[in-house]
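Take a look at the structure set out below.
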Amino acid sequence: MMHEFKVSNFLSFREEQTLSFEATSDKTYEDLYCVEKKANLRLLKMGMIYGANASGKSNVLKAIDYLRTFVLSGRKDKTMSINPPFFAFDPQYASKPTQFYLSFFIGETRYIYKLELTKEVVLYEKLEFYPGTQPAKIFERTYDEKEDIAVIEFGDKSKLGLDSKDKAIFESHIIRNVSVIGAYAGVNISSPPLDEVLDWFKNKLAGIIAPTADLVQRTTDLLSRNDQFKDFVLERLRKADYNVGDIIVKDRPLLDKEKNAIDRISPFLLGGSFASTKADIQVSLNHLLKEIFFSHHTSRGEFELPFESQSEGTKRYYGLSSVMYQLFEENTIAVIDEIESSLHFDLINYFIRSFLVNSRSSQLLFTTHNIQILAEDFLRRDVIWFTEKQEDGSTILFSYPEVRLHKNISPYNAYKIGKIGAKPELGSIYMD
């Protein structure tokens with residue numbers, strides 16, 4: 001689970017901004033929202049971000065996604081640039097480092113990861129964890145500008161599980177523009193804490209889901225491999241009042257234009273003979289080319305309709321069902337930009353409530369423009385966050401409890417009348 005995330009000099013974030021999942025002393029819906037990790041530390045399962053267009057809501061999610069992508073990526077060429085998207089409205093910040101801080105839990109163990117990077121190199125990187133009450137260093141990495149190399153210091157062997165030979169092999173793969181964790185993914189050595197951290201970034205912290213993201217293939221692929229998942233999707237669609245009785249997935253043959261495309265591109269692909277390359281492409285496409293049909297029950301009988309004829313809301317909800325399945329069955333973190341995309345408010349509400357009731361230690365972080373959610377009585381106030389654009393173009397991120405309004409004031413009404421801020425400042429509706 002994610003505990004705390006900090007970022008500075010990234011997109012619209014000039015100074016350091018903090019997103020925290022640590023619960024306040026509020027005990028409202030404690031069982032639904034909170035997971036106790038240790039004494040006096042409860043983590044929230046959900047976070048939601050409001051703000052005007054271009055205020056930086058999506059940038060919060062992009063910052064988390066950038067960190068995840070960089071940590072997992074390995075570069076073979078140390079001359080490749082990193083080029084993080086610096087804060088653009090102050091030329092001085094192009095020469096300043098971008099900084100990240102992430103506190104997270106794997107099981108009951110807390111990890112803290114720090115990263116500082118420029119256009120070309122990683123200046124600083126550190127990973128530590130808490131096997132007991134005191135932190136233990138896994139690694140700490142700095143940059144030797146004179147030698148143009150990464151300098152790595154490993155933690156205690158008994159905790160890291162690497163002997164001197166393993167460390168030497170590992171260190172040789174840590175070039176100046178790659179993360180230590182990314183380098184570890186490419187070497188044939190084993191360290192239990194690094195294995196856990198690598199798995200967390202790769203399989204627990206999911207990539208950002210954009211409003212236009214096509215989740216259909218992901219859902220269909222899982223559907224064709226998992227009968228239990230099919231029952232799960234059908235139940236979700238029925239409860240969402242979509243009147244779907246069955247889902248049928250069929251293979252379809254390649255179209256003539258697709259066959260022609262394979263013939264044209266195969267000779268230009270590297271590796272293998274032309275025949276084997278062409279066959280490999282066809283096998284891959286045959287795996288992906290699926291036709292989906294929904295069986296609808298009406299007073300006149302059952303009708304099988306192709307997926308393309310379904311509403312955009314049905315398609316979106318079908319795609320999101322794979323996300324919901326992971327949140328229910330695994331301890332993952334889903335990051336969704338504009339969760340309301342193509343969905344009726346009641347469905348958004350149902351999605352959130354289903355997540356809270358059925359998940360154990362998963363987390364859901366999303367942005368939204370739908371202020372109706374703020375009026376729902378099941379909502380805890382410490383899950384609500386806002387972004388607001390400043391005069392210098394930078395974004396500030398703050399939580400609802402930081403506004404310090406009376407507990408009897410509705411967050412919906414407070415936001416609607418402008419007591420919180422983070423709303424667009426609109427001009428006159430009349431033309432000059």
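Within each chain, counting starts at residue 1; across the structure tokens, chains are named A, B, ... in the order shown, with ligands numbered 1 upward in that order.
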Which of stretch 58-299 of chain A fall in strand (DSSP E or B), as a PyMOL selection string: chain A and resi 98-106+109-117+122-129+136-144+149-154+205-209+244-251+290-298
Near-stretch 77-89 of chain A list (10 Å; only C-alpha atoms; drop same-chain fewer than 3 positions) as a ChimeraX atom specification: /A:8-15,63,66-67,70,74,92-98,117-122,148-149,174-178,392-394
d(atom CA of A:Ser73, atom CA of A:Leu223) in Å: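 Pair atom CA of A:Ser73 / atom CA of A:Leu223 returns 29.0 Å.
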Interatomic distance (Å, one decimal) between atom CA of A:Asp26 and atom CA of A:Ser362: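 Pair atom CA of A:Asp26 / atom CA of A:Ser362 returns 20.2 Å.
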Pick from A:Phe398, A:Phe21, A:Phe154, A:Phe355 nearest to A:Phe139, counting only C-alpha atoms: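 Counting only C-alpha atoms, the residue closest to A:Phe139 is A:Phe154.
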Shortest interatomic distance to A:Ile106 - which of A:Leu41, A:Leu305, A:Ala136, A:Met1, counting only C-alpha atoms: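 Checking each candidate against A:Ile106, we get A:Met1 as the closest.
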Straight-line distance linking atom CA of A:Gln17 with atom CA of A:Ile420, stated in Å to one decimal: 17.8 Å
DSSP on the backbone: what in stretch 8-77 of chain A comes out helix (DSSP H, G or I), as an mmCIF file with C-alpha atoms, in the first residue's frame?
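What landed in out-v1.cif:
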data_model
loop_
_atom_site.group_PDB
_atom_site.id
_atom_site.type_symbol
_atom_site.label_atom_id
_atom_site.label_comp_id
_atom_site.auth_asym_id
_atom_site.auth_seq_id
_atom_site.Cartn_x
_atom_site.Cartn_y
_atom_site.Cartn_z
ATOM 1 C CA GLU A 30 -13.292 2.896 9.685
ATOM 2 C CA ASP A 31 -13.756 -0.689 8.505
ATOM 3 C CA LEU A 32 -14.485 0.332 4.923
ATOM 4 C CA TYR A 33 -11.677 2.843 4.437
ATOM 5 C CA LYS A 57 -4.985 16.983 -11.162
ATOM 6 C CA SER A 58 -3.714 14.597 -13.802
ATOM 7 C CA ASN A 59 -0.125 15.647 -13.108
ATOM 8 C CA VAL A 60 -0.328 14.022 -9.682
ATOM 9 C CA LEU A 61 -1.078 10.704 -11.358
ATOM 10 C CA LYS A 62 1.495 11.318 -14.094
ATOM 11 C CA ALA A 63 4.178 11.940 -11.482
ATOM 12 C CA ILE A 64 3.444 8.589 -9.809
ATOM 13 C CA ASP A 65 3.384 6.885 -13.198
ATOM 14 C CA TYR A 66 6.671 8.517 -14.263
ATOM 15 C CA LEU A 67 8.381 7.300 -11.106
ATOM 16 C CA ARG A 68 7.077 3.777 -11.643
ATOM 17 C CA THR A 69 8.167 3.734 -15.292
ATOM 18 C CA PHE A 70 11.634 5.100 -14.535
ATOM 19 C CA VAL A 71 12.229 2.670 -11.676
ATOM 20 C CA LEU A 72 11.381 -0.306 -13.899
#
Long-range neighbours of A:Leu127 as a list in words, 7 Å cut-off, only C-alpha atoms, 5 positions minimum in chain: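 Final neighbour list, sorted by chain and number: Ile112, Tyr113, Lys114, Lys137, Ile138, Phe139 and Glu140 of chain A.
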Contacts of stretch 190-207 of chain A within 7 Å, only C-alpha atoms, excl. fewer than 2 positions in-chain, as a list in words: Asp65, Arg68, Leu160, Gly161, Leu162, Ile181, Asn188, Ile209, Asn331, Thr332, Ile333, Ala334 and Val335 of chain A
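The nearest approach to A:Lys239 among the residues A:Glu116, A:Glu16, A:Asp346, A:Glu402, with only C-alpha atoms taken into account, belongs to A:Asp346.
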Contacts of A:Phe366 at 7 Å (only C-alpha atoms; same-chain gap of 4+ positions) as a count of residues only: 8
Residues near A:Tyr242, anyone? I mean within 12 Å using only C-alpha atoms, not counting same-chain ones fewer than 6 positions away, as a JSON list (two decimals) with C-alpha atoms, in the first residue's frame.
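part-v7.json was written with the following content:
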[["chain", "number", "residue", "atom", "x", "y", "z"],
["A", 233, "VAL", "CA", -17.80, -9.62, -15.22],
["A", 234, "LEU", "CA", -21.31, -10.89, -15.86],
["A", 235, "GLU", "CA", -22.30, -10.26, -12.26],
["A", 236, "ARG", "CA", -20.88, -6.72, -12.40],
["A", 294, "PHE", "CA", -23.14, -9.61, -25.57],
["A", 295, "SER", "CA", -26.30, -11.66, -25.20],
["A", 296, "HIS", "CA", -29.21, -9.42, -24.15],
["A", 297, "HIS", "CA", -32.41, -10.72, -22.61],
["A", 298, "THR", "CA", -35.61, -8.94, -23.68],
["A", 310, "GLN", "CA", -22.84, -1.38, -27.24],
["A", 311, "SER", "CA", -22.99, 2.03, -25.60],
["A", 313, "GLY", "CA", -20.75, 3.40, -20.99],
["A", 314, "THR", "CA", -21.13, -0.37, -21.40],
["A", 315, "LYS", "CA", -17.74, -0.60, -23.11],
["A", 317, "TYR", "CA", -17.60, -0.51, -17.59],
["A", 318, "TYR", "CA", -16.69, -3.78, -19.29],
["A", 347, "LEU", "CA", -22.26, 3.75, -11.88]]
Write out as a PDB file with C-alpha atoms, in the first residue's frame which residues come within 12 Å of stretch 226-231 of chain A when counting only C-alpha atoms, dropping same-chain ones fewer than 5 positions away.
ATOM      1  CA  THR A 219     -10.463  -7.596 -20.078  1.00  0.00           C
ATOM      2  CA  THR A 220     -11.125  -9.866 -23.057  1.00  0.00           C
ATOM      3  CA  ASP A 221      -7.756 -11.585 -22.744  1.00  0.00           C
ATOM      4  CA  ARG A 236     -20.884  -6.722 -12.403  1.00  0.00           C
ATOM      5  CA  LEU A 237     -22.746  -5.942 -15.642  1.00  0.00           C
ATOM      6  CA  ARG A 238     -26.032  -7.371 -14.345  1.00  0.00           C
ATOM      7  CA  VAL A 244     -26.352  -8.705 -20.278  1.00  0.00           C
ATOM      8  CA  GLY A 245     -27.012 -12.442 -19.992  1.00  0.00           C
ATOM      9  CA  ASP A 246     -23.775 -13.780 -21.447  1.00  0.00           C
ATOM     10  CA  ILE A 247     -20.483 -12.756 -23.053  1.00  0.00           C
ATOM     11  CA  ILE A 248     -19.274 -14.693 -26.075  1.00  0.00           C
ATOM     12  CA  VAL A 249     -15.687 -14.331 -27.308  1.00  0.00           C
ATOM     13  CA  TYR A 318     -16.695  -3.781 -19.293  1.00  0.00           C
ATOM     14  CA  SER A 321     -14.240  -4.789 -14.707  1.00  0.00           C
ATOM     15  CA  SER A 322     -10.697  -6.163 -15.053  1.00  0.00           C
ATOM     16  CA  VAL A 323      -9.454  -3.305 -12.865  1.00  0.00           C
ATOM     17  CA  MET A 324     -12.169  -4.053 -10.318  1.00  0.00           C
ATOM     18  CA  TYR A 325     -11.274  -7.750 -10.343  1.00  0.00           C
ATOM     19  CA  GLN A 326      -7.648  -6.998  -9.511  1.00  0.00           C
ATOM     20  CA  PHE A 328     -10.897  -7.304  -5.217  1.00  0.00           C
ATOM     21  CA  GLU A 329      -8.653 -10.335  -5.689  1.00  0.00           C
TER      22      GLU A 329
END
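For the set A:Leu343, A:Leu365, A:Ile189, A:Ile348, the residue with the smallest atom-to-atom gap to A:Lys167 is A:Ile189, counting only C-alpha atoms.
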